[in-house]
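model.txt, holding compact mmCIF, C-alpha atoms:
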# COMPACT_ATOMS: atom_id res chain seq x y z
CA MET A 7 0.00 0.00 0.00
CA ASP A 8 1.16 3.56 -0.74
CA ILE A 9 2.70 4.95 2.45
CA ALA A 10 1.10 8.39 1.92
CA LEU A 11 -2.36 6.86 1.59
CA PHE A 12 -1.76 4.57 4.59
CA ILE A 13 -0.76 7.42 6.92
CA ALA A 14 -3.57 9.66 5.62
CA ARG A 15 -6.13 6.96 6.39
CA ARG A 16 -4.73 6.49 9.89
CA LEU A 17 -4.86 10.22 10.52
CA TYR A 18 -8.40 10.46 9.16
CA ARG A 19 -9.72 7.51 11.19
CA GLY A 20 -7.66 8.03 14.32
CA SER A 21 -8.15 10.32 17.27
CA ASP A 22 -5.31 12.52 16.04
CA THR A 23 -7.75 14.40 13.81
CA ALA A 24 -9.71 15.48 16.86
CA ARG A 25 -7.10 17.89 18.22
CA GLU A 26 -8.63 20.98 19.72
CA ALA A 27 -6.93 23.36 17.28
CA SER A 28 -7.67 21.53 14.06
CA ARG A 29 -11.11 20.10 14.78
CA PRO A 30 -13.04 23.38 14.31
CA ALA A 31 -11.12 24.09 11.11
CA VAL A 32 -11.84 20.60 9.78
CA VAL A 33 -15.53 20.88 10.65
CA ILE A 34 -15.78 24.30 9.01
CA ALA A 35 -13.99 23.05 5.91
CA MET A 36 -16.33 20.07 5.56
CA ALA A 37 -19.34 22.30 6.24
CA GLY A 38 -18.16 24.68 3.53
CA ILE A 39 -17.93 21.79 1.06
CA ALA A 40 -21.34 20.44 2.12
CA VAL A 41 -23.14 23.79 1.94
CA GLY A 42 -21.49 24.80 -1.33
CA LEU A 43 -22.30 21.51 -3.03
CA ALA A 44 -25.86 21.42 -1.68
CA VAL A 45 -26.53 24.96 -2.93
CA MET A 46 -25.13 24.10 -6.36
CA LEU A 47 -27.15 20.90 -6.69
CA ILE A 48 -30.36 22.52 -5.49
CA SER A 49 -29.84 25.55 -7.75
CA VAL A 50 -29.37 23.37 -10.82
CA ALA A 51 -32.40 21.23 -9.92
CA VAL A 52 -34.58 24.33 -9.45
CA VAL A 53 -33.41 26.07 -12.63
CA ILE A 54 -33.87 22.94 -14.74
CA GLY A 55 -37.30 22.41 -13.20
CA PHE A 56 -38.33 26.03 -13.70
CA LYS A 57 -37.19 26.16 -17.32
CA GLY A 58 -38.86 22.82 -18.05
CA GLU A 59 -42.13 23.89 -16.43
CA VAL A 60 -42.32 27.17 -18.35
CA ARG A 61 -41.31 25.50 -21.62
CA ASP A 62 -43.87 22.72 -21.19
CA LYS A 63 -46.64 25.26 -20.68
CA LEU A 64 -45.65 27.18 -23.78
CA VAL A 65 -45.52 23.93 -25.75
CA GLY A 66 -48.88 22.91 -24.29
CA PHE A 67 -50.57 25.95 -25.78
CA SER A 68 -48.92 25.85 -29.19
CA SER A 69 -47.02 22.53 -29.49
CA HIS A 70 -43.41 22.31 -30.71
CA ILE A 71 -43.92 23.36 -34.34
CA ARG A 72 -46.84 25.17 -35.94
CA ILE A 73 -47.66 25.20 -39.66
CA SER A 74 -50.00 27.99 -40.75
CA ASN A 75 -50.80 30.28 -43.68
CA LEU A 76 -47.79 32.19 -45.00
CA SER A 77 -49.88 35.32 -45.56
CA MET A 78 -51.21 35.44 -41.98
CA ASN A 79 -51.01 39.09 -40.88
CA ALA A 80 -51.86 38.72 -37.17
CA ILE A 81 -51.09 35.91 -34.77
CA TYR A 82 -54.70 35.47 -33.62
CA GLU A 83 -56.47 36.58 -36.82
CA SER A 84 -55.48 33.66 -38.99
CA LYS A 85 -56.12 33.02 -42.64
CA PRO A 86 -57.18 29.52 -43.65
CA VAL A 87 -54.96 26.85 -45.12
CA VAL A 88 -55.91 23.34 -46.20
CA VAL A 89 -54.69 20.47 -44.04
CA ASP A 90 -55.78 17.33 -45.90
CA ASP A 91 -54.81 13.66 -45.86
CA THR A 92 -51.96 14.28 -48.31
CA LEU A 93 -50.29 16.90 -46.10
CA THR A 94 -50.98 14.88 -42.96
CA ALA A 95 -49.37 11.76 -44.40
CA ARG A 96 -46.41 13.82 -45.57
CA LEU A 97 -45.80 15.26 -42.12
CA GLU A 98 -46.41 12.02 -40.23
CA GLY A 99 -43.87 10.29 -42.47
CA MET A 100 -41.07 12.55 -41.31
CA PRO A 101 -38.74 10.95 -38.74
CA GLY A 102 -38.98 12.76 -35.42
CA VAL A 103 -42.65 13.79 -35.71
CA LYS A 104 -44.61 12.17 -32.89
CA HIS A 105 -48.10 13.64 -33.26
CA LEU A 106 -49.97 16.29 -35.21
CA GLN A 107 -53.27 18.05 -34.60
CA ARG A 108 -55.34 20.63 -36.45
CA TYR A 109 -56.55 23.85 -34.90
CA ALA A 110 -58.58 26.92 -35.80
CA LEU A 111 -58.55 30.34 -34.14
CA ARG A 112 -61.09 33.12 -33.90
CA ALA A 113 -60.61 36.29 -31.87
CA GLY A 114 -63.66 37.69 -30.13
CA MET A 115 -65.09 38.80 -26.84
CA VAL A 116 -66.91 37.22 -23.92
CA LYS A 117 -69.51 39.22 -22.05
CA THR A 118 -71.62 38.87 -18.96
CA ASP A 119 -73.98 41.29 -17.30
CA ASP A 120 -71.14 42.76 -15.24
CA ALA A 121 -67.97 42.42 -17.32
CA PHE A 122 -66.46 41.74 -20.73
CA GLN A 123 -63.12 40.33 -21.84
CA GLY A 124 -61.25 39.87 -25.11
CA MET A 125 -60.38 36.28 -25.93
CA VAL A 126 -59.32 33.79 -28.60
CA LEU A 127 -61.56 30.81 -29.26
CA LYS A 128 -59.39 27.85 -30.20
CA GLY A 129 -61.14 25.05 -32.02
CA VAL A 130 -59.56 21.59 -31.91
CA GLY A 131 -60.52 18.26 -33.42
CA PRO A 132 -60.82 14.70 -32.12
CA GLU A 133 -57.10 14.06 -32.66
CA TYR A 134 -56.12 16.87 -30.28
CA ASP A 135 -53.85 15.72 -27.43
CA LEU A 136 -55.82 16.43 -24.25
CA HIS A 137 -53.04 15.62 -21.77
CA PHE A 138 -52.06 19.25 -21.28
CA LEU A 139 -55.60 20.40 -20.52
CA ASN A 140 -56.31 17.40 -18.30
CA ASP A 141 -53.10 17.95 -16.33
CA HIS A 142 -54.14 21.52 -15.53
CA LEU A 143 -57.86 20.91 -15.12
CA VAL A 144 -59.22 22.22 -11.81
CA ALA A 145 -62.95 21.61 -12.34
CA GLY A 146 -65.28 19.79 -14.71
CA GLU A 147 -64.03 17.78 -17.65
CA VAL A 148 -62.43 18.16 -21.04
CA PRO A 149 -64.93 16.91 -23.63
CA GLN A 150 -64.02 14.91 -26.70
CA PHE A 151 -63.89 17.66 -29.29
CA SER A 152 -65.38 17.17 -32.75
CA ASP A 153 -64.71 18.41 -36.28
CA SER A 154 -68.10 17.38 -37.67
CA ALA A 155 -70.63 18.70 -35.16
CA SER A 156 -70.96 21.52 -32.68
CA LEU A 157 -71.57 20.55 -29.07
CA ASN A 158 -71.52 24.20 -27.91
CA ARG A 159 -69.18 23.29 -25.06
CA VAL A 160 -66.17 25.28 -23.97
CA VAL A 161 -63.24 24.92 -21.56
CA ILE A 162 -62.14 28.19 -19.98
CA SER A 163 -59.38 29.21 -17.57
CA GLN A 164 -59.72 29.77 -13.84
CA LEU A 165 -58.53 33.34 -14.39
CA LEU A 166 -61.36 34.05 -16.83
CA ALA A 167 -63.91 32.26 -14.64
CA ASP A 168 -62.97 34.39 -11.63
CA ARG A 169 -62.92 37.59 -13.63
CA MET A 170 -66.28 36.93 -15.30
CA GLN A 171 -67.79 35.19 -12.24
CA LEU A 172 -68.48 31.98 -14.16
CA LYS A 173 -68.83 28.42 -12.91
CA LEU A 174 -69.45 24.97 -14.38
CA GLY A 175 -72.75 24.74 -16.26
CA ASP A 176 -73.03 28.48 -16.88
CA LYS A 177 -73.87 29.76 -20.34
CA LEU A 178 -71.15 31.95 -21.81
CA ASP A 179 -72.03 34.53 -24.48
CA THR A 180 -69.29 35.08 -27.04
CA TYR A 181 -69.26 37.79 -29.71
CA PHE A 182 -67.31 38.01 -32.96
CA ILE A 183 -67.16 41.17 -35.03
CA GLU A 184 -67.17 41.19 -38.84
CA ASP A 185 -69.51 43.18 -41.05
CA LYS A 186 -72.01 42.44 -38.36
CA VAL A 187 -71.72 40.97 -34.89
CA LYS A 188 -71.96 37.19 -34.55
CA ALA A 189 -72.93 35.68 -31.23
CA ARG A 190 -72.53 32.16 -29.89
CA ARG A 191 -73.71 30.82 -26.54
CA LEU A 192 -71.46 28.11 -25.13
CA GLU A 193 -71.73 25.99 -21.99
CA VAL A 194 -68.80 25.97 -19.56
CA VAL A 195 -67.92 22.30 -18.99
CA GLY A 196 -64.32 22.59 -17.81
CA ILE A 197 -62.01 25.03 -16.06
CA TYR A 198 -58.21 24.86 -16.33
CA CYS A 199 -55.41 26.79 -14.64
CA THR A 200 -51.78 26.94 -15.81
CA HIS A 201 -50.86 30.14 -13.90
CA PHE A 202 -49.68 31.49 -17.26
CA ALA A 203 -51.76 34.67 -17.20
CA GLU A 204 -50.84 35.76 -20.74
CA TYR A 205 -52.45 32.60 -22.12
CA ASP A 206 -55.00 31.77 -19.42
CA GLN A 207 -56.84 35.05 -19.92
CA LEU A 208 -56.83 34.55 -23.68
CA PHE A 209 -57.62 30.98 -24.72
CA LEU A 210 -60.95 29.17 -24.65
CA PHE A 211 -61.12 25.65 -26.11
CA THR A 212 -64.04 24.32 -28.12
CA ASP A 213 -64.84 22.17 -31.16
CA LEU A 214 -62.98 22.68 -34.42
CA TYR A 215 -66.34 22.58 -36.22
CA THR A 216 -67.65 25.55 -34.22
CA VAL A 217 -64.71 27.82 -35.04
CA ASN A 218 -64.68 26.79 -38.71
CA ARG A 219 -68.34 27.75 -39.01
CA LEU A 220 -67.66 31.10 -37.38
CA ASN A 221 -64.85 31.69 -39.87
CA ARG A 222 -67.04 30.45 -42.77
CA TRP A 223 -64.24 28.28 -44.08
CA GLU A 224 -64.53 25.47 -46.57
CA LYS A 225 -64.14 21.81 -45.68
CA GLY A 226 -60.52 20.96 -44.90
CA GLN A 227 -59.53 24.55 -44.16
CA VAL A 228 -58.12 25.34 -40.71
CA SER A 229 -55.79 27.89 -39.15
CA GLY A 230 -53.02 25.35 -39.24
CA VAL A 231 -51.58 22.18 -37.77
CA GLU A 232 -49.48 21.70 -34.64
CA LEU A 233 -46.68 19.14 -34.53
CA GLU A 234 -45.33 17.41 -31.44
CA LEU A 235 -41.77 16.14 -31.74
CA GLU A 236 -40.23 13.07 -30.18
CA GLU A 237 -37.20 15.08 -28.98
CA TYR A 238 -37.22 18.74 -28.03
CA ASP A 239 -33.48 18.95 -28.68
CA ARG A 240 -34.22 18.56 -32.41
CA LEU A 241 -36.60 21.55 -32.47
CA GLU A 242 -34.48 23.84 -34.64
CA GLU A 243 -33.34 21.03 -36.92
CA MET A 244 -36.90 19.79 -37.51
CA THR A 245 -38.22 23.32 -38.04
CA TYR A 246 -35.84 23.98 -40.92
CA LEU A 247 -36.29 20.45 -42.29
CA ILE A 248 -40.08 20.82 -42.45
CA ALA A 249 -39.84 24.39 -43.78
CA ASP A 250 -37.55 23.23 -46.56
CA ASP A 251 -39.86 20.33 -47.40
CA LEU A 252 -42.93 22.58 -47.63
CA SER A 253 -41.20 25.54 -49.29
CA SER A 254 -42.58 24.68 -52.72
CA VAL A 255 -45.94 23.28 -51.58
CA SER A 256 -49.26 25.12 -51.74
CA ASP A 257 -52.83 24.00 -50.99
CA ARG A 258 -55.67 23.72 -53.50
CA TYR A 259 -56.48 27.40 -53.09
CA GLY A 260 -52.91 28.45 -53.81
CA GLN A 261 -52.06 29.29 -50.18
CA ARG A 262 -48.47 28.67 -49.04
CA TYR A 263 -47.39 27.16 -45.74
CA ALA A 264 -45.34 28.91 -43.06
CA VAL A 265 -43.42 26.94 -40.42
CA SER A 266 -42.54 28.31 -36.98
CA ASN A 267 -41.64 26.78 -33.65
CA VAL A 268 -42.43 27.58 -30.04
CA GLU A 269 -39.19 29.52 -29.56
CA MET A 270 -39.89 31.69 -32.60
CA MET A 271 -43.40 32.44 -31.33
CA ASN A 272 -42.18 33.33 -27.81
CA PRO A 273 -38.74 34.95 -28.27
CA GLN A 274 -38.93 37.17 -25.19
CA MET A 275 -39.87 34.29 -22.92
CA PHE A 276 -37.05 32.05 -24.12
CA ALA A 277 -34.56 34.93 -23.97
CA TRP A 278 -35.57 35.33 -20.32
CA LEU A 279 -35.05 31.62 -19.69
CA GLU A 280 -31.56 31.82 -21.21
CA ILE A 281 -30.66 34.51 -18.68
CA LEU A 282 -31.27 31.93 -15.95
CA ASP A 283 -28.33 29.95 -17.33
CA VAL A 284 -26.07 32.94 -16.63
CA ASN A 285 -27.41 33.16 -13.08
CA ILE A 286 -26.75 29.50 -12.41
CA TRP A 287 -23.15 29.80 -13.65
CA VAL A 288 -22.60 32.72 -11.28
CA ILE A 289 -23.96 30.64 -8.39
CA LEU A 290 -21.77 27.66 -9.32
CA LEU A 291 -18.62 29.80 -9.49
CA LEU A 292 -19.33 31.55 -6.19
CA MET A 293 -20.14 28.35 -4.31
CA THR A 294 -17.11 26.57 -5.78
CA GLY A 295 -14.91 29.46 -4.66
CA VAL A 296 -16.37 29.51 -1.16
CA ALA A 297 -16.03 25.75 -0.73
CA GLY A 298 -12.52 25.68 -2.22
CA PHE A 299 -11.10 28.51 -0.12
CA THR A 300 -12.68 27.08 3.03
CA MET A 301 -10.95 23.80 2.31
CA ILE A 302 -7.65 25.59 1.65
CA SER A 303 -7.86 27.20 5.09
CA GLY A 304 -8.53 23.84 6.68
CA LEU A 305 -5.60 22.21 4.87
CA LEU A 306 -3.18 24.97 5.88
CA ILE A 307 -4.23 24.61 9.51
CA LEU A 308 -3.71 20.84 9.34
CA ILE A 309 -0.25 21.29 7.84
CA ILE A 310 0.82 23.90 10.39
CA GLU A 311 -0.52 21.85 13.30
CA ARG A 312 1.37 18.75 12.13
CA THR A 313 4.66 20.51 11.49
CA SER A 314 6.46 18.26 13.98
CA MET A 315 5.07 15.13 12.30
CA ILE A 316 6.21 16.45 8.91
CA GLY A 317 9.71 17.08 10.31
CA LEU A 318 9.84 13.59 11.81
CA LEU A 319 8.78 11.94 8.56
CA LYS A 320 11.33 13.98 6.63
CA SER A 321 14.08 12.90 9.06
CA LEU A 322 13.04 9.28 8.39
CA GLY A 323 13.51 9.77 4.64
CA ALA A 324 10.13 10.92 3.38
CA ASN A 325 10.41 13.45 0.55
CA ASN A 326 8.23 16.49 -0.12
CA LEU A 327 6.20 14.73 -2.81
CA THR A 328 5.22 11.92 -0.46
CA LEU A 329 4.20 14.35 2.27
CA ARG A 330 2.22 16.50 -0.16
CA ARG A 331 0.38 13.41 -1.34
CA LEU A 332 -0.29 12.46 2.29
CA PHE A 333 -2.05 15.73 3.04
CA LEU A 334 -3.84 15.73 -0.30
CA TRP A 335 -5.18 12.27 0.51
CA LEU A 336 -6.30 13.53 3.90
CA ALA A 337 -8.02 16.47 2.19
CA VAL A 338 -9.70 14.07 -0.24
CA PHE A 339 -11.20 12.13 2.67
CA LEU A 340 -12.48 15.33 4.27
CA ILE A 341 -13.87 16.58 0.94
CA GLY A 342 -15.59 13.24 0.45
CA ARG A 343 -17.29 13.47 3.82
CA GLY A 344 -18.40 17.04 3.11
CA MET A 345 -19.74 16.01 -0.30
CA PHE A 346 -21.64 13.14 1.28
CA TRP A 347 -23.52 15.52 3.56
CA GLY A 348 -24.00 18.01 0.74
CA ASN A 349 -25.56 15.34 -1.46
CA LEU A 350 -27.73 14.15 1.41
CA VAL A 351 -29.09 17.65 2.04
CA ALA A 352 -29.68 18.29 -1.66
CA LEU A 353 -31.45 14.98 -2.25
CA ALA A 354 -33.60 15.50 0.83
CA PHE A 355 -34.65 18.98 -0.37
CA ILE A 356 -35.36 17.77 -3.92
CA GLY A 357 -37.38 14.80 -2.68
CA VAL A 358 -39.42 16.76 -0.15
CA GLN A 359 -40.12 19.58 -2.60
CA HIS A 360 -41.03 17.21 -5.42
CA PHE A 361 -43.52 15.16 -3.41
CA PHE A 362 -44.87 17.75 -0.97
CA GLY A 363 -44.21 21.17 -2.57
CA LEU A 364 -43.43 22.87 0.74
CA PHE A 365 -41.86 25.98 -0.81
CA ARG A 366 -44.44 28.14 -2.56
CA LEU A 367 -44.21 30.82 -5.24
CA ASP A 368 -46.37 33.71 -6.35
CA PRO A 369 -47.97 32.38 -9.56
CA GLU A 370 -48.58 35.89 -10.90
CA THR A 371 -44.82 36.44 -11.00
CA TYR A 372 -43.33 32.98 -11.56
CA TYR A 373 -46.10 31.25 -13.59
CA MET A 374 -46.35 28.43 -11.03
CA ASP A 375 -47.38 28.09 -7.40
CA THR A 376 -44.57 25.86 -6.09
CA VAL A 377 -40.81 25.75 -6.58
CA PRO A 378 -40.23 23.16 -9.35
CA VAL A 379 -37.33 20.73 -8.99
CA VAL A 380 -36.02 18.14 -11.42
CA PHE A 381 -33.46 15.45 -10.56
CA HIS A 382 -31.24 15.07 -13.62
CA PRO A 383 -28.81 12.16 -12.98
CA LEU A 384 -26.24 13.22 -15.58
CA TYR A 385 -26.01 16.82 -14.39
CA TYR A 386 -25.97 15.58 -10.80
CA LEU A 387 -22.99 13.30 -11.41
CA LEU A 388 -21.12 15.86 -13.51
CA LEU A 389 -21.59 18.53 -10.86
CA ASN A 390 -20.29 16.20 -8.14
CA LEU A 391 -17.30 15.24 -10.27
CA ALA A 392 -16.49 18.85 -11.16
CA ALA A 393 -16.80 19.98 -7.53
CA PHE A 394 -14.49 17.19 -6.37
CA VAL A 395 -11.83 17.77 -9.05
CA ILE A 396 -11.83 21.56 -8.60
CA SER A 397 -11.66 21.30 -4.80
CA VAL A 398 -8.67 18.93 -4.92
CA ALA A 399 -6.97 20.98 -7.64
CA MET A 400 -7.25 24.13 -5.51
CA LEU A 401 -5.33 22.35 -2.73
CA VAL A 402 -2.31 21.44 -4.84
CA GLY A 403 -0.78 24.91 -4.55
CA PRO A 404 -1.10 25.25 -0.75
CA SER A 405 0.40 21.77 -0.31
CA TYR A 406 3.77 23.18 -1.47
CA LEU A 407 4.03 24.77 1.99
CA ILE A 408 5.35 21.40 3.15
CA ALA A 409 8.57 21.97 1.19
CA ARG A 410 9.37 24.96 3.39
CA ILE A 411 9.30 22.91 6.60
CA HIS A 412 12.73 21.63 7.71
CA PRO A 413 13.21 18.84 10.28
CA ALA A 414 15.44 20.97 12.56
CA GLN A 415 13.04 23.91 12.59
CA SER A 416 10.04 21.69 13.23
CA MET A 417 11.36 20.78 16.70
CA ARG A 418 10.14 24.14 18.03
CA TYR A 419 6.56 22.97 17.59
CA GLU A 420 7.02 20.11 20.04
Could you express the structure from this file as structure tokens?
Amino acid sequence: MDIALFIARRLYRGSDTAREASRPAVVIAMAGIAVGLAVMLISVAVVIGFKGEVRDKLVGFSSHIRISNLSMNAIYESKPVVVDDTLTARLEGMPGVKHLQRYALRAGMVKTDDAFQGMVLKGVGPEYDLHFLNDHLVAGEVPQFSDSASLNRVVISQLLADRMQLKLGDKLDTYFIEDKVKARRLEVVGIYCTHFAEYDQLFLFTDLYTVNRLNRWEKGQVSGVELELEEYDRLEEMTYLIADDLSSVSDRYGQRYAVSNVEMMNPQMFAWLEILDVNIWVILLLMTGVAGFTMISGLLILIIERTSMIGLLKSLGANNLTLRRLFLWLAVFLIGRGMFWGNLVALAFIGVQHFFGLFRLDPETYYMDTVPVVFHPLYYLLLNLAAFVISVAMLVGPSYLIARIHPAQSMRYE
């Protein structure tokens, strides 16, 4: 066995590490490692969870990729484009496309005796993926939407229900302005809440057939089609691939197709999410510095306190490299213990927050009511590895102090 490792293990396990002078320094050094690592792991888990939660809500309202009319002049005042079996088969045949669904939009207004509110009525067909609405449903049910008949049912947001004082079973009067005002009375059968005020106050969900009739569109015409991808990481690649494939395609009325993705439709939101990456790097650097310098202080105290032992080992033939390795091994053991407690604290926080949601947020500011956390194994392991390597690397320089200790001078520390 390596003599440096052997002595370091004896020092770490033995009572010698419990000297009155060094024990507080060792405890503080391990605490610094534990706190720094725990803060880093929790910060990464929260940022990943927050970004994922916001992104999933944006995707839930508009899917990954949206194909619409190229000549559309307003995001919620769409022009029709034909989505037929030929186009559907073409899109479904592309590798990476998981699901597609038609939609139709019509901007209008809802009105009660006491209030009115602008809104967008989104019509969806039977193929529409209802998981997003069901996951955020707070009352009622999400009906099976139709593209061949109007059930006069609508799903509204909790925000709109509170503002308009509506509840399940109420009749909701909607108005749409053209040359003359069109009115439709719909029954509230479901209420959802995503805490995304920009969208919650805007979108009402009903049958595709209802919106198409309001728009007076021909059979097969819709506002567009939404595509769900198998992998979000391929979003940009698939956007340009589909755009290139449809660049020379037009429908039977001569309308061209435009392709956009969720990041193109929400540039400010995704720019804000990218800023969070900068914040997390700042936190990682600060916590790494705090933990590293705390450990440096602890190592220097250990070296100074064991000056007589260093002198004795040198007089017995040990060289500076062996002694440096001895104290680096001792530091590795202390770092390992600190990392153990740091991981334990971080995992406990992530688990408790994930299952019980103890820490709350203001949904009007953060778009969610609890602090989201996501345990990402790869990031977790990489962060542990990086923290360990950086902490040990920061101790290499201070370990050269051993070379300045001479056996004769060390006798004064007896």
Could you jot down the atom CA of A:Leu282 to atom CA of A:Met46 separation for me, Å, one decimal place?
13.8 Å
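Picture a line from atom CA of A:Val358 to atom CA of A:His201; it runs 22.3 Å.
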Hey, which of A:Val395, A:Ala110, A:Leu353, A:Leu407 ends up closest to A:Leu329? Count only C-alpha atoms.
A:Leu407
Among listed residues A:Phe339, A:Tyr198, A:Phe56, A:Phe182, nearest A:Val377 (using all atoms listed in the file):
A:Phe56
Interatomic distance between atom CA of A:Asp185 and atom CA of A:Ser152?
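Computed distance, atom CA of A:Asp185 to atom CA of A:Ser152, equals 27.6 Å.
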Hey, what's within 12 Å of A:Asn267 if we count only C-alpha atoms and toss same-chain stuff fewer than 3 positions away? As an NGL selection string, please?
:A and (64-65 or 67-74 or 231-235 or 238 or 240-249 or 264 or 270-273 or 276)
Proximity to A:Met293 - best of A:Leu106, A:Val148, A:Leu389, A:Leu340, all atoms listed in the file
A:Leu389
Pull the neighbourhood of (-12.6, 24.9, 0.1) for me: all residues within 12 Å in file coordinates, counting only C-alpha atoms, as a PyMOL selection string.
chain A and resi 31-43+292-306+337-338+340-341+344-345+393-402+404
Within 12 Å of A:Asn221, counting all atoms listed in the file, which residues show up once you throw out same-chain ones fewer than 5 positions away? Write them as a PDB file with C-alpha atoms, in the frame of the given file, please.
ATOM      1  CA  GLU A  83     -56.470  36.580 -36.820  1.00  0.00           C
ATOM      2  CA  SER A  84     -55.480  33.660 -38.990  1.00  0.00           C
ATOM      3  CA  LYS A  85     -56.120  33.020 -42.640  1.00  0.00           C
ATOM      4  CA  PRO A  86     -57.180  29.520 -43.650  1.00  0.00           C
ATOM      5  CA  ALA A 110     -58.580  26.920 -35.800  1.00  0.00           C
ATOM      6  CA  LEU A 111     -58.550  30.340 -34.140  1.00  0.00           C
ATOM      7  CA  ARG A 112     -61.090  33.120 -33.900  1.00  0.00           C
ATOM      8  CA  ALA A 113     -60.610  36.290 -31.870  1.00  0.00           C
ATOM      9  CA  GLY A 114     -63.660  37.690 -30.130  1.00  0.00           C
ATOM     10  CA  LEU A 127     -61.560  30.810 -29.260  1.00  0.00           C
ATOM     11  CA  LYS A 128     -59.390  27.850 -30.200  1.00  0.00           C
ATOM     12  CA  GLY A 129     -61.140  25.050 -32.020  1.00  0.00           C
ATOM     13  CA  PHE A 182     -67.310  38.010 -32.960  1.00  0.00           C
ATOM     14  CA  ILE A 183     -67.160  41.170 -35.030  1.00  0.00           C
ATOM     15  CA  GLU A 184     -67.170  41.190 -38.840  1.00  0.00           C
ATOM     16  CA  LYS A 188     -71.960  37.190 -34.550  1.00  0.00           C
ATOM     17  CA  LEU A 214     -62.980  22.680 -34.420  1.00  0.00           C
ATOM     18  CA  TYR A 215     -66.340  22.580 -36.220  1.00  0.00           C
ATOM     19  CA  THR A 216     -67.650  25.550 -34.220  1.00  0.00           C
ATOM     20  CA  GLN A 227     -59.530  24.550 -44.160  1.00  0.00           C
ATOM     21  CA  VAL A 228     -58.120  25.340 -40.710  1.00  0.00           C
ATOM     22  CA  SER A 229     -55.790  27.890 -39.150  1.00  0.00           C
TER      23      SER A 229
END
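Counting only C-alpha atoms, the residue from A:Ala95, A:Leu166, A:Leu47, A:Cys199 that sits nearest to A:Ala352 is A:Leu47.
Once stretch 370-375 of chain A and its same-chain neighbours fewer than 2 positions away are set aside, Phe56, Glu59, Val60, Lys63, Cys199, Thr200, His201, Phe202, Ala203, Glu204, Gly363, Phe365, Arg366, Leu367, Asp368, Val377 and Pro378 of chain A remain within 10 Å of it when counting all atoms listed in the file.
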Between A:Ala277, A:Leu17, A:Val288, A:Leu174, which residue has the minimum interatomic distance to A:Val160, considering only C-alpha atoms?
A:Leu174
Could you give me, as a list in words, the residues within 8 Å of A:Tyr181, counting only C-alpha atoms and dropping anything in the same chain fewer than 6 positions from it?
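Here the qualifying residues turn out to be Gly114, Met115, Val116, Lys117, Val187, Lys188, Ala189 and Arg190 of chain A.
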Quick one: everything within 8 Å of A:Leu143, counting only C-alpha atoms, minus sequence neighbours fewer than 2 positions away in the same chain. Send it as number ranges by chain.
A: 139-141, 145-148, 196-199
